[in-house]
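What follows is one structure encoded as structure tokens, with my remarks underneath.
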Amino acid sequence: MLPTGRQLPLWLLASPLMEGPVTALERGPVVIHFFPLSFSDGCQIQNRRFQRAYPDLVAMGAEVFGISTDAPEFQAAFSQMLGLPFPLISDQDGHVASAFGVLRDTETVRAHRALFVIGVDNWIIEAWQSPNDLEVFPDPALAKKALESRVSEWPTLKEV
């Protein structure tokens, strides 16, 4: 897993799948949460947690993205079903999950539950991976805490 305190690799920033997060980094920090399977109960719980935290995260200048290895049409239907205010990215081949070090295995091409908070300088300011994908979900409060520790560095981002 890419650790806290490491800069995102340039080749990862150039990936077409990362276009949304990279563009968002021009405006402020980015919160990315990985989840294994759209429409599963656990992934609904996880995405609803970020849905509830979304106003607070946005108020702190962050943009939120969810990533799984499901097909784009599944991501779109899942997002619509939940009414998510943030985009879901389809990483069907698992390249992005693998680059972040959270691809569960190459056979099922499923991501572990994970959370990354990336600063405007492309440095990871928080990295977390679930020790048990079935029972332990990323906590948006961890993202808020990471953002609070760095928010003074982004005083004008809300004006952009």
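Residue names in the structure tokens use chain letters A, B, ... in the order shown, residue numbers from 1 in each chain, and ligand numbers from 1 in the order shown.
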- Would you please give, as a PyMOL selection string, all residues of chain A that DSSP assigns to strand (DSSP E) based on the backbone? chain A and resi 30-34+63-68+88-90+103-105+110-111+114-118+124-129
Write the selection just made, keeping C-alpha atoms, as a PDB file, in the first residue's frame?
```
ATOM      1  CA  VAL A  30      -8.664  14.699  -2.657  1.00  0.00           C
ATOM      2  CA  VAL A  31     -10.218  11.896  -0.609  1.00  0.00           C
ATOM      3  CA  ILE A  32     -10.239   8.518  -2.378  1.00  0.00           C
ATOM      4  CA  HIS A  33     -11.892   5.460  -0.907  1.00  0.00           C
ATOM      5  CA  PHE A  34     -11.587   2.026  -2.481  1.00  0.00           C
ATOM      6  CA  GLU A  63     -13.225  16.443  -3.345  1.00  0.00           C
ATOM      7  CA  VAL A  64     -14.275  12.824  -2.836  1.00  0.00           C
ATOM      8  CA  PHE A  65     -13.963   9.852  -5.210  1.00  0.00           C
ATOM      9  CA  GLY A  66     -14.898   6.203  -4.777  1.00  0.00           C
ATOM     10  CA  ILE A  67     -13.042   3.528  -6.749  1.00  0.00           C
ATOM     11  CA  SER A  68     -13.855  -0.129  -7.339  1.00  0.00           C
ATOM     12  CA  LEU A  88     -17.326   6.587  -8.651  1.00  0.00           C
ATOM     13  CA  ILE A  89     -14.413   5.513 -10.825  1.00  0.00           C
ATOM     14  CA  SER A  90     -14.379   2.153 -12.593  1.00  0.00           C
ATOM     15  CA  LEU A 103      -5.601  -4.813  -5.134  1.00  0.00           C
ATOM     16  CA  ARG A 104      -6.768  -7.885  -3.231  1.00  0.00           C
ATOM     17  CA  ASP A 105      -5.598 -10.354  -5.870  1.00  0.00           C
ATOM     18  CA  ARG A 110     -11.160  -6.738  -6.353  1.00  0.00           C
ATOM     19  CA  ALA A 111      -9.805  -3.906  -4.252  1.00  0.00           C
ATOM     20  CA  ALA A 114      -8.928   1.581   1.740  1.00  0.00           C
ATOM     21  CA  LEU A 115      -8.769   5.320   2.236  1.00  0.00           C
ATOM     22  CA  PHE A 116      -6.271   7.843   0.893  1.00  0.00           C
ATOM     23  CA  VAL A 117      -6.175  11.576   1.491  1.00  0.00           C
ATOM     24  CA  ILE A 118      -3.956  13.338  -1.022  1.00  0.00           C
ATOM     25  CA  ILE A 124      -0.379  11.225   0.621  1.00  0.00           C
ATOM     26  CA  ILE A 125      -1.325  12.744   3.961  1.00  0.00           C
ATOM     27  CA  GLU A 126      -3.354   9.732   5.119  1.00  0.00           C
ATOM     28  CA  ALA A 127      -3.343   6.093   4.019  1.00  0.00           C
ATOM     29  CA  TRP A 128      -5.423   3.348   5.595  1.00  0.00           C
ATOM     30  CA  GLN A 129      -6.344  -0.200   4.555  1.00  0.00           C
TER      31      GLN A 129
END
```
- Task: Take CA of Pro3 (chain A) and CA of Phe100 (chain A) and report the distance between them in Å, one decimal.
- Result: 8.9 Å
- Message: Measuring between only C-alpha atoms, which one of A:Ala141, A:Phe35, A:Leu147, A:Val96 shows the shortest distance to Ala14 (chain A)?
- Response: A:Val96
- Message: Residues near Trp11 (chain A), anyone? I mean within 12 Å using only C-alpha atoms, not counting same-chain ones fewer than 6 positions away, as a PyMOL selection string.
- Response: chain A and resi 17-19+22+95-96+99-100
- Message: Taking only C-alpha atoms into account, name the residue in A:Leu10, A:Met1, A:Val102, A:Leu82 that is nearest to Phe50 (chain A).
- Response: A:Leu82
- So which residues touch Leu8 (chain A) within 8 Å, counting only C-alpha atoms, skipping near sequence neighbours fewer than 5 positions away, as a ChimeraX atom specification? /A:13,122-124
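Proximity ranking of A:Pro85, A:Thr4, A:Pro72, A:Gly94 relative to Leu57 (chain A) places A:Pro85 first, based on only C-alpha atoms.
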- Go through A:Val120, A:Gly101, A:Phe74, A:Lys144 and flag the residue nearest Ser40 (chain A), using only C-alpha atoms for the distances. A:Phe74
If we count only C-alpha atoms, what is near Arg48 (chain A) at a cut-off of 8 Å, once residues fewer than 3 positions away on the same chain are taken out, given as a compact mmCIF listing (two decimals) with N, CA and C atoms, in the first residue's frame?
```txt
# COMPACT_ATOMS: atom_id res chain seq x y z
N GLN A 44 -22.37 -0.64 0.23
CA GLN A 44 -23.42 0.36 0.43
C GLN A 44 -23.18 1.11 1.74
N ILE A 45 -22.84 0.37 2.80
CA ILE A 45 -22.55 1.01 4.09
C ILE A 45 -21.39 2.00 3.93
N GLN A 51 -21.09 9.50 1.89
CA GLN A 51 -22.18 10.39 1.48
C GLN A 51 -22.57 11.33 2.63
N ARG A 52 -22.68 10.78 3.84
CA ARG A 52 -23.03 11.61 5.01
C ARG A 52 -21.91 12.59 5.35
N LEU A 82 -27.83 4.94 -4.81
CA LEU A 82 -27.52 5.54 -3.51
C LEU A 82 -27.67 7.06 -3.51
N LEU A 84 -25.40 9.21 -4.73
CA LEU A 84 -24.11 9.70 -4.25
C LEU A 84 -23.77 11.06 -4.85
```
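As for CA of Glu107 (chain A) and CA of Asn47 (chain A), they are spaced 24.5 Å apart.
Each of A:Met60, A:Ser79, A:His112, A:Gln92 was checked against Ser149 (chain A) using only C-alpha atoms; the smallest atom-to-atom distance is that of A:Met60.
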Determine which residues of chain A receive a DSSP assignment of alpha helix (DSSP H), computed from the backbone, and state them as an mmCIF file with C-alpha atoms, in the first residue's frame.
```cif
data_model
loop_
_atom_site.group_PDB
_atom_site.id
_atom_site.type_symbol
_atom_site.label_atom_id
_atom_site.label_comp_id
_atom_site.auth_asym_id
_atom_site.auth_seq_id
_atom_site.Cartn_x
_atom_site.Cartn_y
_atom_site.Cartn_z
ATOM 1 C CA LEU A 10 3.880 10.609 -11.928
ATOM 2 C CA TRP A 11 2.804 7.705 -14.145
ATOM 3 C CA LEU A 12 -0.203 7.136 -11.883
ATOM 4 C CA LEU A 13 -1.144 10.803 -12.157
ATOM 5 C CA GLU A 19 -8.144 12.328 -14.627
ATOM 6 C CA GLY A 20 -10.922 13.364 -12.222
ATOM 7 C CA PRO A 21 -8.795 13.192 -9.061
ATOM 8 C CA VAL A 22 -5.805 14.849 -10.767
ATOM 9 C CA THR A 23 -7.966 17.720 -12.017
ATOM 10 C CA ALA A 24 -9.470 18.011 -8.532
ATOM 11 C CA LEU A 25 -5.972 18.248 -7.016
ATOM 12 C CA ASP A 41 -24.182 -4.573 1.650
ATOM 13 C CA GLY A 42 -20.751 -3.587 2.924
ATOM 14 C CA CYS A 43 -20.048 -1.298 -0.002
ATOM 15 C CA GLN A 44 -23.424 0.361 0.435
ATOM 16 C CA ILE A 45 -22.547 1.009 4.089
ATOM 17 C CA GLN A 46 -19.141 2.394 3.142
ATOM 18 C CA ASN A 47 -20.452 4.693 0.405
ATOM 19 C CA ARG A 48 -23.296 5.956 2.584
ATOM 20 C CA ARG A 49 -20.750 6.885 5.267
ATOM 21 C CA PHE A 50 -18.881 9.019 2.751
ATOM 22 C CA GLN A 51 -22.184 10.393 1.479
ATOM 23 C CA ARG A 52 -23.026 11.605 5.006
ATOM 24 C CA ALA A 53 -19.524 13.038 5.489
ATOM 25 C CA TYR A 54 -19.462 14.649 2.049
ATOM 26 C CA PRO A 55 -20.679 18.129 3.109
ATOM 27 C CA ASP A 56 -17.998 18.334 5.812
ATOM 28 C CA LEU A 57 -15.253 17.112 3.486
ATOM 29 C CA VAL A 58 -16.257 19.579 0.773
ATOM 30 C CA ALA A 59 -16.419 22.391 3.345
ATOM 31 C CA PRO A 72 -18.673 1.629 -15.478
ATOM 32 C CA GLU A 73 -22.344 0.723 -15.946
ATOM 33 C CA PHE A 74 -22.431 -0.944 -12.514
ATOM 34 C CA GLN A 75 -20.735 2.058 -10.935
ATOM 35 C CA ALA A 76 -23.262 4.401 -12.562
ATOM 36 C CA ALA A 77 -26.253 2.326 -11.438
ATOM 37 C CA PHE A 78 -24.825 1.934 -7.917
ATOM 38 C CA SER A 79 -24.186 5.661 -7.634
ATOM 39 C CA GLN A 80 -27.679 6.457 -8.879
ATOM 40 C CA MET A 81 -29.287 3.960 -6.496
ATOM 41 C CA LEU A 82 -27.522 5.537 -3.511
ATOM 42 C CA HIS A 95 -4.360 -1.003 -12.420
ATOM 43 C CA VAL A 96 -5.187 1.934 -10.139
ATOM 44 C CA ALA A 97 -5.908 -0.308 -7.140
ATOM 45 C CA SER A 98 -2.647 -2.138 -7.830
ATOM 46 C CA ALA A 99 -0.721 1.145 -8.091
ATOM 47 C CA PHE A 100 -2.106 2.209 -4.710
ATOM 48 C CA PRO A 140 -14.515 9.444 6.937
ATOM 49 C CA ALA A 141 -13.527 10.920 10.325
ATOM 50 C CA LEU A 142 -9.964 9.794 9.560
ATOM 51 C CA ALA A 143 -10.067 11.836 6.348
ATOM 52 C CA LYS A 144 -11.461 14.842 8.229
ATOM 53 C CA LYS A 145 -8.692 14.608 10.821
ATOM 54 C CA ALA A 146 -6.028 14.452 8.099
ATOM 55 C CA LEU A 147 -7.556 17.436 6.314
ATOM 56 C CA GLU A 148 -7.788 19.433 9.538
ATOM 57 C CA SER A 149 -4.087 18.887 10.129
ATOM 58 C CA ARG A 150 -3.294 20.481 6.760
#
```
